[in-house]
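**Q** Dropping in input.cif, with mmCIF, C-alpha atoms.
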data_target
loop_
_atom_site.label_atom_id
_atom_site.label_comp_id
_atom_site.auth_asym_id
_atom_site.auth_seq_id
_atom_site.Cartn_x
_atom_site.Cartn_y
_atom_site.Cartn_z
CA MET A 26 -35.26 0.40 -9.39
CA SER A 27 -34.72 4.10 -8.69
CA ASP A 28 -34.29 6.74 -11.38
CA VAL A 29 -30.65 7.14 -10.34
CA LEU A 30 -29.98 3.48 -11.01
CA GLN A 31 -31.84 3.63 -14.35
CA LYS A 32 -30.09 6.77 -15.55
CA PRO A 33 -26.54 7.30 -14.29
CA TRP A 34 -25.78 11.01 -14.12
CA LEU A 35 -21.99 10.63 -14.45
CA THR A 36 -20.10 9.15 -17.39
CA ILE A 37 -16.38 8.52 -16.97
CA VAL A 38 -14.53 8.53 -20.28
CA GLY A 39 -11.01 7.15 -20.57
CA LEU A 40 -9.04 9.29 -23.00
CA GLY A 41 -5.73 8.43 -24.60
CA GLU A 42 -3.03 10.52 -26.23
CA ASP A 43 -4.74 9.83 -29.57
CA GLY A 44 -7.61 12.06 -28.45
CA ILE A 45 -11.04 11.69 -29.99
CA SER A 46 -9.87 9.18 -32.60
CA GLY A 47 -9.59 6.57 -29.85
CA LEU A 48 -13.06 7.14 -28.42
CA SER A 49 -15.89 4.67 -28.89
CA GLU A 50 -19.25 5.71 -30.32
CA ALA A 51 -20.76 5.43 -26.85
CA ALA A 52 -18.15 7.80 -25.41
CA ARG A 53 -18.73 10.30 -28.24
CA ALA A 54 -22.49 10.13 -27.65
CA ALA A 55 -22.02 10.81 -23.92
CA LEU A 56 -19.96 13.90 -24.76
CA ALA A 57 -22.56 15.14 -27.25
CA GLU A 58 -25.35 14.80 -24.67
CA ALA A 59 -23.45 16.18 -21.68
CA GLU A 60 -24.42 19.33 -19.81
CA VAL A 61 -21.00 19.56 -18.14
CA VAL A 62 -17.65 18.15 -19.28
CA THR A 63 -14.82 18.20 -16.77
CA GLY A 64 -11.25 16.95 -16.72
CA ALA A 65 -7.66 18.04 -16.47
CA VAL A 66 -6.61 20.80 -18.86
CA ARG A 67 -4.53 18.22 -20.76
CA HIS A 68 -7.59 16.02 -21.25
CA LEU A 69 -9.79 18.89 -22.43
CA THR A 70 -7.07 19.87 -24.90
CA LEU A 71 -6.96 16.31 -26.25
CA LEU A 72 -10.58 16.70 -27.39
CA GLY A 73 -9.31 19.11 -30.03
CA ASP A 74 -11.92 20.56 -32.36
CA LEU A 75 -14.64 18.44 -30.77
CA LEU A 76 -14.44 20.61 -27.65
CA SER A 77 -15.63 23.75 -29.43
CA GLY A 78 -18.54 21.86 -30.95
CA LEU A 79 -19.95 20.68 -27.63
CA SER A 80 -22.96 22.39 -26.10
CA ALA A 81 -21.75 21.43 -22.63
CA GLU A 82 -20.12 23.71 -20.11
CA CYS A 83 -16.41 22.79 -19.86
CA ARG A 84 -14.82 22.91 -16.42
CA PRO A 85 -11.08 22.28 -15.91
CA TRP A 86 -10.42 19.94 -12.98
CA PRO A 87 -8.45 21.63 -10.18
CA VAL A 88 -5.07 20.64 -8.77
CA PRO A 89 -4.69 18.78 -6.46
CA PHE A 90 -7.12 16.21 -7.78
CA ALA A 91 -8.98 15.78 -4.48
CA ASP A 92 -10.17 19.41 -4.66
CA GLY A 93 -12.39 18.56 -7.62
CA VAL A 94 -14.40 15.78 -6.01
CA ALA A 95 -16.81 17.96 -3.99
CA PRO A 96 -17.64 20.26 -6.94
CA LEU A 97 -18.29 17.17 -9.06
CA LEU A 98 -20.68 15.71 -6.48
CA ALA A 99 -22.52 19.03 -6.42
CA LEU A 100 -23.46 18.36 -10.06
CA ARG A 101 -25.40 15.22 -9.14
CA GLY A 102 -28.58 15.05 -11.20
CA ARG A 103 -27.09 16.74 -14.27
CA ARG A 104 -25.53 14.94 -17.26
CA VAL A 105 -21.80 15.08 -16.54
CA VAL A 106 -18.78 13.61 -18.35
CA LEU A 107 -15.52 13.22 -16.48
CA LEU A 108 -12.44 12.80 -18.68
CA ALA A 109 -9.65 10.61 -17.29
CA SER A 110 -6.50 8.97 -18.57
CA GLY A 111 -6.69 5.59 -20.30
CA ASP A 112 -8.36 3.07 -18.04
CA PRO A 113 -9.81 5.18 -15.17
CA PHE A 114 -10.01 2.16 -12.88
CA TRP A 115 -6.37 1.11 -13.02
CA PHE A 116 -4.45 3.59 -10.84
CA GLY A 117 -6.81 6.19 -12.25
CA ALA A 118 -9.34 8.85 -11.35
CA GLY A 119 -12.31 6.51 -11.57
CA THR A 120 -11.55 4.71 -8.33
CA VAL A 121 -11.16 8.01 -6.44
CA VAL A 122 -14.44 9.45 -7.65
CA THR A 123 -16.70 6.40 -7.51
CA ARG A 124 -15.93 5.63 -3.88
CA GLU A 125 -18.11 8.66 -3.15
CA LEU A 126 -20.99 7.37 -5.30
CA ALA A 127 -23.69 4.75 -4.96
CA PRO A 128 -23.77 1.86 -7.45
CA GLY A 129 -25.67 2.91 -10.54
CA GLU A 130 -24.78 6.59 -10.36
CA TRP A 131 -22.11 6.26 -13.03
CA THR A 132 -21.21 4.50 -16.22
CA ALA A 133 -17.75 4.28 -17.75
CA HIS A 134 -16.07 3.90 -21.13
CA PRO A 135 -12.45 2.96 -20.36
CA GLY A 136 -9.69 3.36 -22.89
CA ALA A 137 -6.45 1.46 -23.26
CA SER A 138 -4.34 1.74 -20.11
CA THR A 139 -0.75 2.92 -20.20
CA PHE A 140 0.16 -0.52 -18.89
CA ALA A 141 -1.48 -2.18 -21.88
CA LEU A 142 0.17 0.19 -24.34
CA ALA A 143 3.59 -0.26 -22.72
CA ALA A 144 3.28 -4.05 -22.71
CA ALA A 145 2.29 -3.95 -26.38
CA ARG A 146 5.39 -1.92 -27.24
CA LEU A 147 7.73 -4.17 -25.25
CA GLY A 148 6.13 -7.56 -25.81
CA TRP A 149 5.80 -8.11 -22.06
CA ALA A 150 3.13 -10.35 -20.57
CA LEU A 151 1.05 -8.14 -18.30
CA GLU A 152 0.04 -11.06 -16.09
CA ALA A 153 3.73 -11.60 -15.26
CA THR A 154 4.57 -7.90 -14.81
CA LEU A 155 4.28 -5.79 -11.67
CA CYS A 156 2.12 -2.73 -12.45
CA MET A 157 2.32 0.24 -10.10
CA GLY A 158 1.18 3.84 -10.08
CA VAL A 159 3.31 6.12 -7.89
CA HIS A 160 2.18 9.52 -9.15
CA ALA A 161 1.65 10.75 -5.61
CA ALA A 162 3.15 7.87 -3.66
CA PRO A 163 6.71 7.36 -2.38
CA LEU A 164 9.10 5.36 -4.55
CA ALA A 165 9.70 3.11 -1.54
CA ARG A 166 6.45 1.36 -2.50
CA LEU A 167 8.71 -0.53 -4.91
CA ARG A 168 11.07 -1.74 -2.18
CA PRO A 169 9.44 -5.10 -1.33
CA HIS A 170 9.45 -6.03 -5.04
CA LEU A 171 13.04 -5.18 -5.97
CA ALA A 172 14.89 -8.35 -6.92
CA PRO A 173 17.03 -9.32 -9.92
CA GLY A 174 14.88 -10.26 -12.90
CA VAL A 175 11.68 -8.59 -11.69
CA ARG A 176 9.86 -6.64 -14.39
CA ALA A 177 7.71 -3.67 -13.47
CA LEU A 178 5.74 -0.98 -15.26
CA VAL A 179 5.69 2.17 -13.16
CA LEU A 180 3.55 5.26 -13.78
CA LEU A 181 5.27 8.47 -12.64
CA ARG A 182 4.15 12.08 -12.36
CA ASP A 183 6.85 13.69 -14.58
CA GLY A 184 10.43 13.63 -15.82
CA THR A 185 11.86 14.69 -12.48
CA ALA A 186 10.26 11.63 -10.89
CA VAL A 187 11.96 9.41 -13.50
CA HIS A 188 15.35 10.75 -12.40
CA GLU A 189 14.33 10.20 -8.77
CA LEU A 190 13.45 6.59 -9.61
CA ALA A 191 16.89 6.03 -11.15
CA ASP A 192 18.57 7.54 -8.08
CA TYR A 193 16.44 5.41 -5.76
CA LEU A 194 17.35 2.20 -7.57
CA CYS A 195 21.04 3.09 -7.32
CA ALA A 196 20.71 3.83 -3.61
CA GLN A 197 19.15 0.40 -3.08
CA GLY A 198 21.96 -1.37 -4.93
CA PHE A 199 20.10 -1.91 -8.19
CA GLY A 200 21.92 0.60 -10.36
CA GLU A 201 22.35 -2.01 -13.12
CA SER A 202 18.60 -2.04 -13.72
CA ALA A 203 17.48 -1.44 -17.31
CA LEU A 204 14.95 1.38 -17.76
CA VAL A 205 12.72 1.98 -20.76
CA VAL A 206 11.17 5.44 -20.59
CA LEU A 207 7.83 5.55 -22.42
CA GLU A 208 6.43 9.03 -23.05
CA ALA A 209 2.93 10.00 -24.25
CA LEU A 210 2.13 6.49 -25.45
CA GLY A 211 -0.48 6.15 -28.16
CA GLY A 212 -0.29 9.70 -29.47
CA PRO A 213 1.72 11.82 -31.90
CA ARG A 214 4.23 12.77 -29.15
CA GLU A 215 5.05 9.14 -28.33
CA ARG A 216 8.71 8.44 -27.61
CA VAL A 217 10.46 5.32 -26.24
CA ARG A 218 14.04 5.53 -24.94
CA GLN A 219 16.34 3.18 -23.04
CA ALA A 220 18.86 3.77 -20.26
CA THR A 221 20.23 2.23 -17.10
CA ALA A 222 19.60 3.52 -13.59
CA ALA A 223 23.31 4.17 -12.96
CA GLY A 224 24.36 7.27 -14.85
CA PHE A 225 20.81 7.97 -16.01
CA GLY A 226 21.03 10.99 -18.29
CA LEU A 227 17.84 11.27 -20.35
CA THR A 228 16.44 14.80 -20.48
CA ASP A 229 13.30 16.55 -21.70
CA ILE A 230 11.05 13.72 -20.53
CA ALA A 231 7.45 14.41 -21.52
CA HIS A 232 4.31 13.82 -19.48
CA PRO A 233 2.49 11.41 -19.24
CA VAL A 234 5.36 9.03 -18.61
CA ALA A 235 5.84 5.41 -17.61
CA VAL A 236 9.01 3.46 -16.95
CA ALA A 237 9.51 -0.20 -17.78
CA LEU A 238 11.96 -1.53 -15.22
CA THR A 239 13.98 -4.73 -15.44
CA CYS A 240 15.60 -5.00 -12.05
CA ALA A 241 19.28 -5.95 -11.87
CA GLY A 242 22.12 -5.53 -9.40
CA ALA A 243 23.42 -6.80 -6.09
CA GLY A 244 20.99 -4.90 -3.87
CA ARG A 245 19.43 -6.48 -0.86
CA VAL A 246 16.17 -8.35 -1.48
CA VAL A 247 13.29 -8.40 1.00
CA PRO A 248 12.47 -12.09 1.64
CA CYS A 249 8.98 -13.37 0.95
CA ALA A 250 8.88 -15.53 4.10
CA SER A 251 8.06 -14.17 7.55
CA GLY A 252 10.94 -13.42 9.86
CA ILE A 253 13.17 -11.06 7.89
CA ASP A 254 16.48 -10.08 9.47
CA ASP A 255 16.34 -7.72 12.43
CA ASP A 256 18.65 -5.25 10.71
CA TRP A 257 15.90 -4.32 8.26
CA PHE A 258 14.44 -2.39 11.21
CA ASP A 259 15.84 0.58 13.10
CA HIS A 260 15.17 -0.11 16.78
CA ASP A 261 16.29 0.63 20.34
CA GLY A 262 16.21 -3.01 21.42
CA GLN A 263 12.41 -3.06 21.64
CA ILE A 264 11.89 -5.51 18.79
CA THR A 265 10.47 -8.98 18.42
CA LYS A 266 13.53 -10.89 17.22
CA ARG A 267 13.49 -12.66 13.87
CA PRO A 268 12.80 -16.32 14.87
CA VAL A 269 10.21 -15.28 17.46
CA ARG A 270 8.63 -12.87 14.97
CA ALA A 271 8.28 -15.68 12.43
CA LEU A 272 6.46 -17.81 15.02
CA ALA A 273 4.23 -14.88 15.96
CA LEU A 274 3.23 -14.20 12.36
CA SER A 275 2.58 -17.88 11.81
CA ALA A 276 0.19 -17.83 14.77
CA LEU A 277 -1.43 -14.57 13.61
CA ALA A 278 -2.00 -16.24 10.21
CA PRO A 279 -2.72 -13.18 8.01
CA ARG A 280 -5.46 -13.68 5.43
CA PRO A 281 -6.40 -11.45 2.48
CA GLY A 282 -8.14 -8.23 3.44
CA GLU A 283 -7.64 -8.56 7.19
CA THR A 284 -6.71 -5.93 9.78
CA LEU A 285 -4.14 -6.33 12.55
CA TRP A 286 -3.81 -4.50 15.85
CA ASP A 287 -0.14 -4.49 16.92
CA ILE A 288 -0.17 -3.33 20.53
CA GLY A 289 3.15 -2.09 21.91
CA THR A 290 4.59 -2.05 18.42
CA GLY A 291 8.11 -0.86 19.33
CA SER A 292 9.98 -0.85 16.01
CA GLY A 293 6.80 -1.86 14.14
CA SER A 294 8.34 -5.14 12.97
CA ILE A 295 5.26 -7.33 13.50
CA ALA A 296 2.85 -4.90 11.83
CA ILE A 297 5.27 -4.25 8.96
CA GLU A 298 5.78 -7.94 8.22
CA TRP A 299 2.01 -8.45 8.42
CA LEU A 300 1.60 -5.81 5.69
CA LEU A 301 4.42 -7.26 3.60
CA SER A 302 2.60 -10.59 3.44
CA GLY A 303 -0.30 -9.22 1.35
CA ARG A 304 -1.03 -6.00 -0.53
CA ASP A 305 -4.63 -5.67 0.71
CA LEU A 306 -3.84 -6.20 4.40
CA LYS A 307 -4.21 -3.38 6.93
CA ALA A 308 -2.52 -2.77 10.26
CA LEU A 309 -2.79 -0.35 13.15
CA ALA A 310 0.25 -0.11 15.40
CA PHE A 311 -0.25 1.24 18.91
CA GLU A 312 2.69 2.72 20.81
CA ARG A 313 2.79 4.95 23.88
CA ASP A 314 6.40 6.12 23.36
CA PRO A 315 6.56 8.96 20.76
CA GLN A 316 10.12 8.13 19.70
CA ARG A 317 9.27 4.50 19.09
CA ALA A 318 6.14 5.53 17.19
CA LEU A 319 8.26 7.78 14.98
CA ARG A 320 10.73 4.95 14.43
CA ALA A 321 7.95 2.53 13.47
CA ARG A 322 6.64 4.98 10.87
CA ALA A 323 10.12 5.39 9.40
CA ASN A 324 10.66 1.63 9.25
CA ALA A 325 7.34 1.17 7.48
CA ALA A 326 8.17 3.88 4.93
CA ALA A 327 11.61 2.40 4.23
CA LEU A 328 10.12 -1.02 3.54
CA GLY A 329 7.39 0.31 1.25
CA VAL A 330 4.39 -0.15 3.54
CA ASP A 331 3.80 3.51 4.34
CA HIS A 332 0.08 2.77 4.80
CA LEU A 333 0.84 1.44 8.30
CA GLU A 334 -1.20 3.57 10.71
CA VAL A 335 0.69 4.27 13.93
CA VAL A 336 -1.49 5.47 16.82
CA GLU A 337 0.20 6.99 19.86
CA GLY A 338 -1.16 6.41 23.35
CA PRO A 339 -1.44 3.87 26.18
CA ALA A 340 -3.43 0.67 25.81
CA PRO A 341 -6.19 -0.19 26.42
CA GLU A 342 -7.45 3.43 26.30
CA VAL A 343 -5.99 4.09 22.84
CA LEU A 344 -7.99 1.20 21.35
CA ASP A 345 -11.37 2.90 21.76
CA GLY A 346 -13.02 3.92 18.49
CA GLN A 347 -10.53 2.07 16.29
CA PRO A 348 -11.58 -0.19 13.36
CA GLN A 349 -12.21 -3.72 14.54
CA PRO A 350 -9.32 -6.13 13.99
CA ASP A 351 -9.24 -9.67 12.69
CA ALA A 352 -6.05 -10.41 14.60
CA VAL A 353 -4.27 -8.83 17.57
CA PHE A 354 -0.65 -9.05 18.66
CA ILE A 355 0.44 -7.91 22.13
CA GLY A 356 4.17 -7.29 22.11
CA GLY A 357 4.26 -4.80 24.96
CA GLY A 358 2.07 -3.36 27.68
CA LEU A 359 0.47 -6.69 28.59
CA SER A 360 -1.94 -6.26 31.51
CA LEU A 361 -5.16 -7.71 32.83
CA PRO A 362 -7.19 -4.59 31.87
CA LEU A 363 -5.85 -4.89 28.33
CA VAL A 364 -6.83 -8.55 28.08
CA GLU A 365 -10.30 -7.76 29.48
CA ARG A 366 -10.71 -5.04 26.84
CA LEU A 367 -9.70 -7.45 24.07
CA ARG A 368 -12.21 -10.03 25.29
CA GLN A 369 -14.90 -7.63 24.05
CA LEU A 370 -13.78 -8.04 20.44
CA ARG A 371 -15.94 -9.99 18.03
CA ALA A 372 -15.89 -13.77 18.05
CA GLY A 373 -13.32 -15.25 15.70
CA THR A 374 -10.65 -12.61 16.37
CA ARG A 375 -7.21 -14.22 16.66
CA LEU A 376 -5.11 -13.07 19.61
CA VAL A 377 -1.38 -13.67 20.07
CA ALA A 378 0.53 -12.37 23.08
CA HIS A 379 4.18 -12.62 24.10
CA ALA A 380 5.60 -12.53 27.63
CA VAL A 381 9.20 -12.34 28.81
CA THR A 382 8.93 -11.46 32.51
CA LEU A 383 7.72 -13.90 35.17
CA GLU A 384 4.83 -11.57 35.98
CA SER A 385 3.57 -11.37 32.39
CA GLU A 386 4.11 -15.11 31.95
CA ALA A 387 1.93 -15.76 34.99
CA LEU A 388 -0.77 -13.56 33.46
CA LEU A 389 -0.69 -15.55 30.22
CA VAL A 390 -0.99 -18.80 32.16
CA GLN A 391 -4.05 -17.36 33.91
CA CYS A 392 -5.55 -16.18 30.61
CA GLN A 393 -5.01 -19.54 28.96
CA SER A 394 -6.68 -21.25 31.92
CA GLU A 395 -9.74 -19.00 31.65
CA MET A 396 -10.00 -18.47 27.88
CA GLY A 397 -8.33 -21.50 26.34
CA GLY A 398 -5.91 -21.41 23.47
CA SER A 399 -2.36 -22.70 23.49
CA LEU A 400 0.86 -21.80 25.28
CA LEU A 401 4.25 -22.12 23.61
CA ARG A 402 7.57 -21.58 25.37
CA ILE A 403 10.27 -20.40 22.95
CA GLU A 404 13.86 -20.86 24.07
CA LEU A 405 16.63 -19.79 21.71
CA ALA A 406 20.39 -19.85 21.91
CA GLN A 407 23.07 -18.67 19.50
CA SER A 408 26.69 -19.63 19.22
CA ALA A 409 29.07 -17.03 20.68
CA PRO A 410 32.81 -16.84 21.51
CA LEU A 411 33.75 -18.51 24.79
CA GLY A 412 37.43 -17.93 25.37
CA ASN A 413 39.19 -19.34 22.32
CA ARG A 414 36.24 -21.62 21.59
CA ARG A 415 32.52 -21.21 21.15
CA GLY A 416 29.49 -21.89 23.30
CA TRP A 417 25.76 -21.34 23.37
CA LYS A 418 24.49 -17.96 24.52
CA ALA A 419 20.86 -18.24 25.61
CA HIS A 420 18.25 -15.54 25.09
CA TYR A 421 15.47 -14.82 27.54
CA PRO A 422 12.72 -17.39 26.93
CA VAL A 423 9.49 -16.07 25.42
CA VAL A 424 6.07 -17.47 26.23
CA GLN A 425 3.51 -17.19 23.45
CA TRP A 426 -0.22 -17.46 24.06
CA SER A 427 -2.48 -17.78 21.03
CA VAL A 428 -6.24 -18.04 21.12
CA THR A 429 -9.26 -17.45 18.90
CA LEU A 430 -11.94 -15.47 20.75
#
Transcribe the structure of this file into structure tokens.

**A**
Amino acid sequence: MSDVLQKPWLTIVGLGEDGISGLSEAARAALAEAEVVTGAVRHLTLLGDLLSGLSAECRPWPVPFADGVAPLLALRGRRVVLLASGDPFWFGAGTVVTRELAPGEWTAHPGASTFALAAARLGWALEATLCMGVHAAPLARLRPHLAPGVRALVLLRDGTAVHELADYLCAQGFGESALVVLEALGGPRERVRQATAAGFGLTDIAHPVAVALTCAGAGRVVPCASGIDDDWFDHDGQITKRPVRALALSALAPRPGETLWDIGTGSGSIAIEWLLSGRDLKALAFERDPQRALRARANAAALGVDHLEVVEGPAPEVLDGQPQPDAVFIGGGLSLPLVERLRQLRAGTRLVAHAVTLESEALLVQCQSEMGGSLLRIELAQSAPLGNRRGWKAHYPVVQWSVTL
């Protein structure tokens, strides 16, 4: 075992609003032995009188947080303590820093998380509560989870963000939601106040702050099943319609941790629903039309999956150098060169393609003959006025080819 693995150079200490009184003996020892102690100004202040007694050099962490990572890595080999809030590995600094380190370079002494403190105050079961950190993320991350009765603990950057949360809930039709604002939990400044989203009027909200949300109201709820209504998506007609989309996602069969290529994404509906089906899924949406690419990004943001990566350009050229997928959907731009490019993907990749025109249908028949898989013809009709009665209005049939490479 290397010296680095035997002696981690970095110690990450989770610090609460109670300051040094909440630190373990191991955390205190790490501080006493440190050559450099770094952390946000608020964290350094929480050390109180202990700070002046340390022999270490104290370095305030810069804002934004990412600007401090490189200077920290430059200290590799020295004894360094990084101060972070509560549990550094639950929406905390620890996960940002350690992704740049090799295993064994650090040790950690986590404190009580804000989530744990909030649940203790409220008597909520953490295992049944949605926990989210949106310090630097859009509030729309909440959108897929908003439904009457849902409980969530949300970490926010400041008091202004709490007001923005209340406004967002009202805009989504959940103004009746009950909010418990929890400020500086665990310390002498702790304060817990209640309000509703509609008419929210609390002022002088202190940092750090969390909000306990009990969702209520008549707002629209994003379904859990595949094939959500088309009107969730802004589109110009280039969209895989709801029943067909449900069949496509069933064939794509998303599994935890997988990555999708959505080629010819249009409104982004397939990629967005792929992401909605699991929080650790990834998707790249490819679109040659800039306006459609912009629309796909906006749809993803509105539905709380702003991590959708939309790549502009024609396929197959735009696929070069991209992370390898586990599944591929071709909703537009189907061509023989594109299929030949996809045949180079690793074995086990799932491929689903849709065709509407006779020419593209013929290509899928050819591909199925050469590469196997299954063909499914999807014919849909909806009732529509016919004079003073009703009749069936047929849609263009869609042919679906699905195959595992």

**Q** Starting from the PyMOL selection byres ((chain A and resi 81-95) around 10), expand the selection into actual residues of this file and give them as a PyMOL selection string.

**A** chain A and resi 56-69+76-80+96-100+104-108+118+121-123+125

**Q** Let me know the residues the PyMOL selection byres ((chain A and resi 255) around 9) catches in the file above, as number ranges by chain.

**A** A: 252-254, 256-260, 264-267, 294

**Q** Which distance in Å separates CA of Glu298 in chain A and CA of Pro422 in chain A, to one decimal?

**A**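 Taking CA of Glu298 in chain A and CA of Pro422 in chain A, their separation equals 22.1 Å.
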
**Q** What does the structure give for the distance between CA of Glu201 in chain A and CA of Val187 in chain A, in Å to one decimal?

**A**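 Separation between CA of Glu201 in chain A and CA of Val187 in chain A: 15.4 Å.
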
**Q** Translate the PyMOL selection byres ((chain A and resi 385) around 12), as applied to the file shown, into an explicit residue set as a PyMOL selection string.

**A** chain A and resi 355-361+364+378-384+386-392+423-426

**Q** Between CA of Gly242 in chain A and CA of Phe199 in chain A, what is the distance, to one decimal in Å?

**A**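 Taking CA of Gly242 in chain A as the start and CA of Phe199 in chain A as the end point, the length is 4.3 Å.
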
**Q** Rank A:Leu376, A:Leu309, A:Ala406, A:Leu301 by their smallest atom-to-atom distance to Ser427 in chain A, using all atoms listed in the file, and report the top residue only.

**A** A:Leu376

**Q** I need the residue nearest Ile403 in chain A from this list: A:Ala273, A:Leu285, A:Leu142, A:Ala161. Use only C-alpha atoms for the distance.

**A** A:Ala273

**Q** Considering only C-alpha atoms, can you say which of A:Thr290, A:Gln219, A:Thr139, A:Thr374 comes closest to Leu151 in chain A?

**A**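 Under the stated criterion, the closest residue is A:Thr139.
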
**Q** Restricting the calculation to all atoms listed in the file, which member of A:Leu344, A:Val38, A:Leu181, A:Val336 is positioned closest to Gly119 in chain A?

**A**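 That would be A:Val38, the residue with the smallest distance to Gly119 in chain A.
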
**Q** I'd like to know which of A:Ile288, A:Ala162, A:Val236, A:Leu370 is closest to Pro339 in chain A, using all atoms listed in the file.

**A**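 The shortest atom-to-atom distance to Pro339 in chain A comes from A:Ile288.
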
**Q** Taking all atoms listed in the file into account, name the residue in A:Gly338, A:Pro279, A:Pro169, A:Gly39 that is nearest to Asp305 in chain A.

**A**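 Looking only at the distances to Asp305 in chain A, the closest residue turns out to be A:Pro279.
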
**Q** Which residues, written as a ChimeraX atom specification, have at least one atom at most 7 Å from Lys418 in chain A, with only C-alpha atoms counted and residues fewer than 2 positions away on the same chain left out?

**A** /A:406-409,416,420

**Q** Taking (-12.2, -17.3, 20.3) in the file's coordinates, which residues come within 6 Å, counting all atoms listed in the file, written as number ranges by chain?

**A** A: 372-373, 429-430

**Q** Quick one: write out the picked residues with C-alpha atoms as a CSV table (one decimal), in the frame of the given file?

**A**
chain,number,residue,atom,x,y,z
A,372,ALA,CA,-15.9,-13.8,18.0
A,373,GLY,CA,-13.3,-15.2,15.7
A,429,THR,CA,-9.3,-17.4,18.9
A,430,LEU,CA,-11.9,-15.5,20.8

**Q** Build an axis-aligned box that encloses every atom of range 53-61 of chain A listed in the file, pad it by 6 Å on each side, and report its centre and edge lengths in Å to one decimal, as lines of an AutoDock Vina configuration file.

**A**
center_x = -22.0
center_y = 14.8
center_z = -23.2
size_x = 18.6
size_y = 21.4
size_z = 22.1
